[in-house]
Amino acid sequence: MCLAVPGKILAIDDDENGVPMARTSFGGIVKNVCLVYTPDARPDDYVLVHVGFAIGVVDEIEAERTLRTLESLGQLDELSANEEAAAVGNPNHDASPLSRSRES
Amino acid sequence: MKHLDEFRDETLAARLVAEIEGLVTRPWVLMEVCGGQTHSIVKYGIDRLLPGEVELVHGPGCPVCVTPLEMIDRAHSIARRPEVIFCSFGDMLRVPGSETDLFVLKSRGADVRVVYSPMDCLDIARDSPGREVVFLAIGFETTAPANAMCILQARQRELPNFSLLVSHVLVPPAMEAILASPDNRVQAFLGPGHVCTVVGYGEYQTLVDRYRVPIVITGFEPVDILQGIRLTLRQLEEGRAELENEYPRVVRSEGNPHARDLVGEVFEVCDRDWRGFGPIPGGGYRLRPAFHDFDAERRFDETGDRVPEPSACISGTILRGVRKPHHCPAFGRECTPEHPLGATMVSAEGACAAYYAHGRHLASP
């Protein structure tokens with residue numbers, strides 16, 4: 001139900017009601033996706049799409065960072081143990097974007 | 001496909017399994033909250049790759065499963081009306097109410113239509129001015145932005161023949177109900193990645209602090225799930241209880257502010273009955289009074305009495321992670337996806353349906 005799939009934006013245009021829409025490719029299958037919740041999305045961006053709505057833009061840098069970390073698992077155990085920070089928030093619920101789990 | 005294939009990579013998955021094996025020293029019980037995660041875990045056999053000490057129990061994150069019987073009956077009652085075009089996501093059609101399901105009603109002449117997006121209903125309403133178009137709006141926080149936009153557009157486009165039958169549910173109150181239950185076995189959670197894409201993870205930090213329980217916000221691909229499991233187990237083994245985000249490529253701490261704003265404009269938090277749980281305080285959304293004109297329950301004056309679950313069904317205990325599908329004597333016998341007895345067999349994302357689809361009824365794990 002919460003299935004959401006990344007798709008690549010091909011082109012953006014408003015529909016006849018003024019709602020921003022994007023022709024979006026899902027591995028070659030093209031569908032129209034509503035961009036009202038991702039107004040900053042641009043052609044060539046990947047958006048995460050749920051029931052016809054983009055609910056987020058995929059952060060390519062974070063995706064690469066996660067993959068690089070995973071690829072280094074087992075090779076850099078000792079080095080990465082200290083780097084692999086854990087908490088994303090603190091007891092004051094101050095969840096700053098900079099305090100995300102960093103696995104570099 | 002980019003952003004999917006890399007996170008299904010066998011080599012990475014094998015590396016993560018090896019890491020997990022090296023990490024675990026004693027038994028742990030983890031719950032994946034989201035039905036989409038359950039589906040991936042069973043589909044890829046992730047639970048069978050893990051050391052014997054690690055038990056995955058399957059959470060309540062399947063909105064189709066937790067929609068109460070009386071709401072299903074209400075939907076059927078509205079769908080039976082001759083003036084109504086009843087629109088739904090496809091996975092609600094097979095869900096049994098106390099008498100029938102939407103497929104059967106459709107075969108008997110009811111105008112039941114499957115839509116991909118709630119926005120599709122607006123064009124149907126525009127093209128059918130003499131009819132009442134009703135959308136069965138179920139889902140978690142992930143789906144609420146789509147339904148909110150649908151209502152706002154219906155108002156802007158002046159479509160008075162459109163309404164929503166709202167049965168929205170919210171994840172954190174259900175997690176709290178599990179944690180507060182005296183028979184709780186769950187020691188840590190894989191958090192729902194797409195719910196958090198919309199709402200962020202502030203409420204999950206509150207649960208971490210209040211119950212000292214590790215939560216790792218996790219994606220849906222096999223590599224994501226294994227990494228979520230690894231981070232969760234590492235916390236447990238080290239005696240930590242923290243919030244971590246395994247899924248930073250789409251989940252930000254604040255979620256999606258545009259979506260949160262519009263959802264807050266249209267919906268307000270309410271108490272809601274969950275199939276398998278009963279009433280959960282703050283467990284759902286309803287339309288705000290300014291949008292009552294679009295509320296199908298009010299428009300059709302539909303109310304329903306509470307309807308008891310079939311007695312053979314143990315889905316309540318499965319949804320809370322207390323038992324698993326193969327513990328149920330009816331699983332795979334009287335209860336199958338074609339003839340589901342209860343909540344967790346009715347949707348592909350329900351734990352029982354996932355176990356059945358991948359042959360778990362043929363041999364116990």
# chains A, B, ... in the order shown; residues from 1 in each chain; ligands from 1
$ interface_residues --of "chain B" --to "chain A" --cutoff "6 Å" --atoms "only C-alpha atoms" --output "count of residues only"
11
$ select_by_dssp --residues "segment 222-365 of chain B" --states "alpha helix (DSSP H)" --output "ChimeraX atom specification"
/B:222-238,257-266,296-299,315-319,343-346,351-357
$ atom_distance --atom1 "atom CA of Pro173 of chain B" --atom2 "atom CA of Leu231 of chain B"
23.5 Å
$ closest_residue --among "B:Val208, B:Arg157, B:Ala174, B:Gly59" --to "Gly18 of chain A" --atoms "only C-alpha atoms"
B:Arg157
$ atom_distance --atom1 "atom CA of Val104 of chain B" --atom2 "atom CA of Ala312 of chain B"
23.4 Å
$ select_by_dssp --residues "segment 190-273 of chain B" --states "strand (DSSP E or B)" --output "VMD selection string"
chain B and resid 190 to 192 215 to 218 243 to 245 267 to 273
$ residues_around --residues "Glu254 of chain B" --least-positions-apart "4" --cutoff "7 Å" --atoms "only C-alpha atoms" --output "list in words"
Val199, Gly200 and Tyr201 of chain B
$ residues_around --residues "segment 83-87 of chain B" --least-positions-apart "5" --cutoff "12 Å" --atoms "only C-alpha atoms" --output "PyMOL selection string"
chain B and resi 74-78+92-93+102-103+105-106+109-125+127-138+161-165+296+299-300
$ atom_distance --atom1 "atom CA of Ala144 of chain B" --atom2 "atom CA of Met21 of chain A"
18.5 Å
$ closest_residue --among "B:His327, B:Glu246, B:Lys43, B:Gly97" --to "Ser315 of chain B" --atoms "only C-alpha atoms"
B:His327
$ residues_around --residues "segment 183-196 of chain B" --least-positions-apart "4" --cutoff "7 Å" --atoms "only C-alpha atoms" --output "ChimeraX atom specification"
/A:2 /B:28-34,140-142,178-179,200-201,213-219,228,232,247,251,255,322
$ closest_residue --among "B:Arg8, B:His39, B:Arg298, B:Arg272" --to "Thr67 of chain B" --atoms "only C-alpha atoms"
B:Arg272
$ residues_around --residues "segment 263-268 of chain B" --least-positions-apart "3" --cutoff "6 Å" --atoms "only C-alpha atoms" --output "JSON, numbers by chain"
{"B": [145, 148, 260, 285, 286, 287, 288]}
$ write_last_selection --atoms "all heavy atoms" --output "PDB file, in the first residue's frame"
ATOM      1  N   PRO B 145      -1.311  12.600   1.431  1.00  0.00           N
ATOM      2  CA  PRO B 145      -1.144  13.771   0.557  1.00  0.00           C
ATOM      3  C   PRO B 145      -1.937  13.654  -0.742  1.00  0.00           C
ATOM      4  O   PRO B 145      -2.499  14.654  -1.219  1.00  0.00           O
ATOM      5  CB  PRO B 145       0.365  13.797   0.279  1.00  0.00           C
ATOM      6  CG  PRO B 145       0.982  13.075   1.422  1.00  0.00           C
ATOM      7  CD  PRO B 145      -0.006  12.011   1.805  1.00  0.00           C
ATOM      8  N   ALA B 148      -5.554  14.328   0.097  1.00  0.00           N
ATOM      9  CA  ALA B 148      -5.741  15.746   0.440  1.00  0.00           C
ATOM     10  C   ALA B 148      -5.822  16.584  -0.840  1.00  0.00           C
ATOM     11  O   ALA B 148      -6.700  17.437  -1.001  1.00  0.00           O
ATOM     12  CB  ALA B 148      -4.598  16.233   1.331  1.00  0.00           C
ATOM     13  N   ARG B 260       3.061  17.808   4.166  1.00  0.00           N
ATOM     14  CA  ARG B 260       2.546  17.935   5.546  1.00  0.00           C
ATOM     15  C   ARG B 260       1.571  19.100   5.647  1.00  0.00           C
ATOM     16  O   ARG B 260       0.545  19.003   6.327  1.00  0.00           O
ATOM     17  CB  ARG B 260       3.713  18.140   6.513  1.00  0.00           C
ATOM     18  CG  ARG B 260       4.587  16.921   6.643  1.00  0.00           C
ATOM     19  CD  ARG B 260       5.752  17.174   7.570  1.00  0.00           C
ATOM     20  NE  ARG B 260       5.306  17.324   8.961  1.00  0.00           N
ATOM     21  CZ  ARG B 260       6.119  17.279   9.996  1.00  0.00           C
ATOM     22  NH1 ARG B 260       7.415  17.098   9.805  1.00  0.00           N
ATOM     23  NH2 ARG B 260       5.670  17.415  11.208  1.00  0.00           N
ATOM     24  N   TYR B 285      -6.815   9.635  10.641  1.00  0.00           N
ATOM     25  CA  TYR B 285      -7.211  10.957  10.172  1.00  0.00           C
ATOM     26  C   TYR B 285      -8.692  10.934   9.811  1.00  0.00           C
ATOM     27  O   TYR B 285      -9.210   9.922   9.322  1.00  0.00           O
ATOM     28  CB  TYR B 285      -6.474  11.325   8.882  1.00  0.00           C
ATOM     29  CG  TYR B 285      -5.056  11.815   8.992  1.00  0.00           C
ATOM     30  CD1 TYR B 285      -4.116  11.405   8.055  1.00  0.00           C
ATOM     31  CD2 TYR B 285      -4.670  12.713   9.977  1.00  0.00           C
ATOM     32  CE1 TYR B 285      -2.807  11.868   8.101  1.00  0.00           C
ATOM     33  CE2 TYR B 285      -3.363  13.175  10.026  1.00  0.00           C
ATOM     34  CZ  TYR B 285      -2.437  12.753   9.093  1.00  0.00           C
ATOM     35  OH  TYR B 285      -1.159  13.211   9.130  1.00  0.00           O
ATOM     36  N   ARG B 286      -9.353  12.097  10.002  1.00  0.00           N
ATOM     37  CA  ARG B 286     -10.670  12.311   9.400  1.00  0.00           C
ATOM     38  C   ARG B 286     -10.631  13.685   8.737  1.00  0.00           C
ATOM     39  O   ARG B 286      -9.723  14.489   8.991  1.00  0.00           O
ATOM     40  CB  ARG B 286     -11.758  12.258  10.479  1.00  0.00           C
ATOM     41  CG  ARG B 286     -11.639  13.377  11.493  1.00  0.00           C
ATOM     42  CD  ARG B 286     -12.707  13.295  12.578  1.00  0.00           C
ATOM     43  NE  ARG B 286     -12.432  14.279  13.616  1.00  0.00           N
ATOM     44  CZ  ARG B 286     -12.797  14.150  14.889  1.00  0.00           C
ATOM     45  NH1 ARG B 286     -13.439  13.077  15.292  1.00  0.00           N
ATOM     46  NH2 ARG B 286     -12.500  15.099  15.753  1.00  0.00           N
ATOM     47  N   LEU B 287     -11.637  13.957   7.913  1.00  0.00           N
ATOM     48  CA  LEU B 287     -11.703  15.263   7.256  1.00  0.00           C
ATOM     49  C   LEU B 287     -11.985  16.356   8.280  1.00  0.00           C
ATOM     50  O   LEU B 287     -12.781  16.160   9.209  1.00  0.00           O
ATOM     51  CB  LEU B 287     -12.805  15.256   6.192  1.00  0.00           C
ATOM     52  CG  LEU B 287     -12.512  14.396   4.949  1.00  0.00           C
ATOM     53  CD1 LEU B 287     -13.771  14.246   4.106  1.00  0.00           C
ATOM     54  CD2 LEU B 287     -11.381  15.013   4.122  1.00  0.00           C
ATOM     55  N   ARG B 288     -11.363  17.486   8.114  1.00  0.00           N
ATOM     56  CA  ARG B 288     -11.668  18.638   8.955  1.00  0.00           C
ATOM     57  C   ARG B 288     -13.081  19.133   8.636  1.00  0.00           C
ATOM     58  O   ARG B 288     -13.578  18.927   7.525  1.00  0.00           O
ATOM     59  CB  ARG B 288     -10.660  19.764   8.699  1.00  0.00           C
ATOM     60  CG  ARG B 288      -9.290  19.489   9.282  1.00  0.00           C
ATOM     61  CD  ARG B 288      -8.419  20.733   9.245  1.00  0.00           C
ATOM     62  NE  ARG B 288      -7.101  20.438   9.770  1.00  0.00           N
ATOM     63  CZ  ARG B 288      -6.792  20.439  11.075  1.00  0.00           C
ATOM     64  NH1 ARG B 288      -7.706  20.740  11.984  1.00  0.00           N
ATOM     65  NH2 ARG B 288      -5.563  20.146  11.457  1.00  0.00           N
TER      66      ARG B 288
END
$ residues_around --residues "Gly52 of chain B" --least-positions-apart "6" --cutoff "12 Å" --atoms "only C-alpha atoms" --output "MDAnalysis selection string"
chainID B and resid 20:21 24:29 365
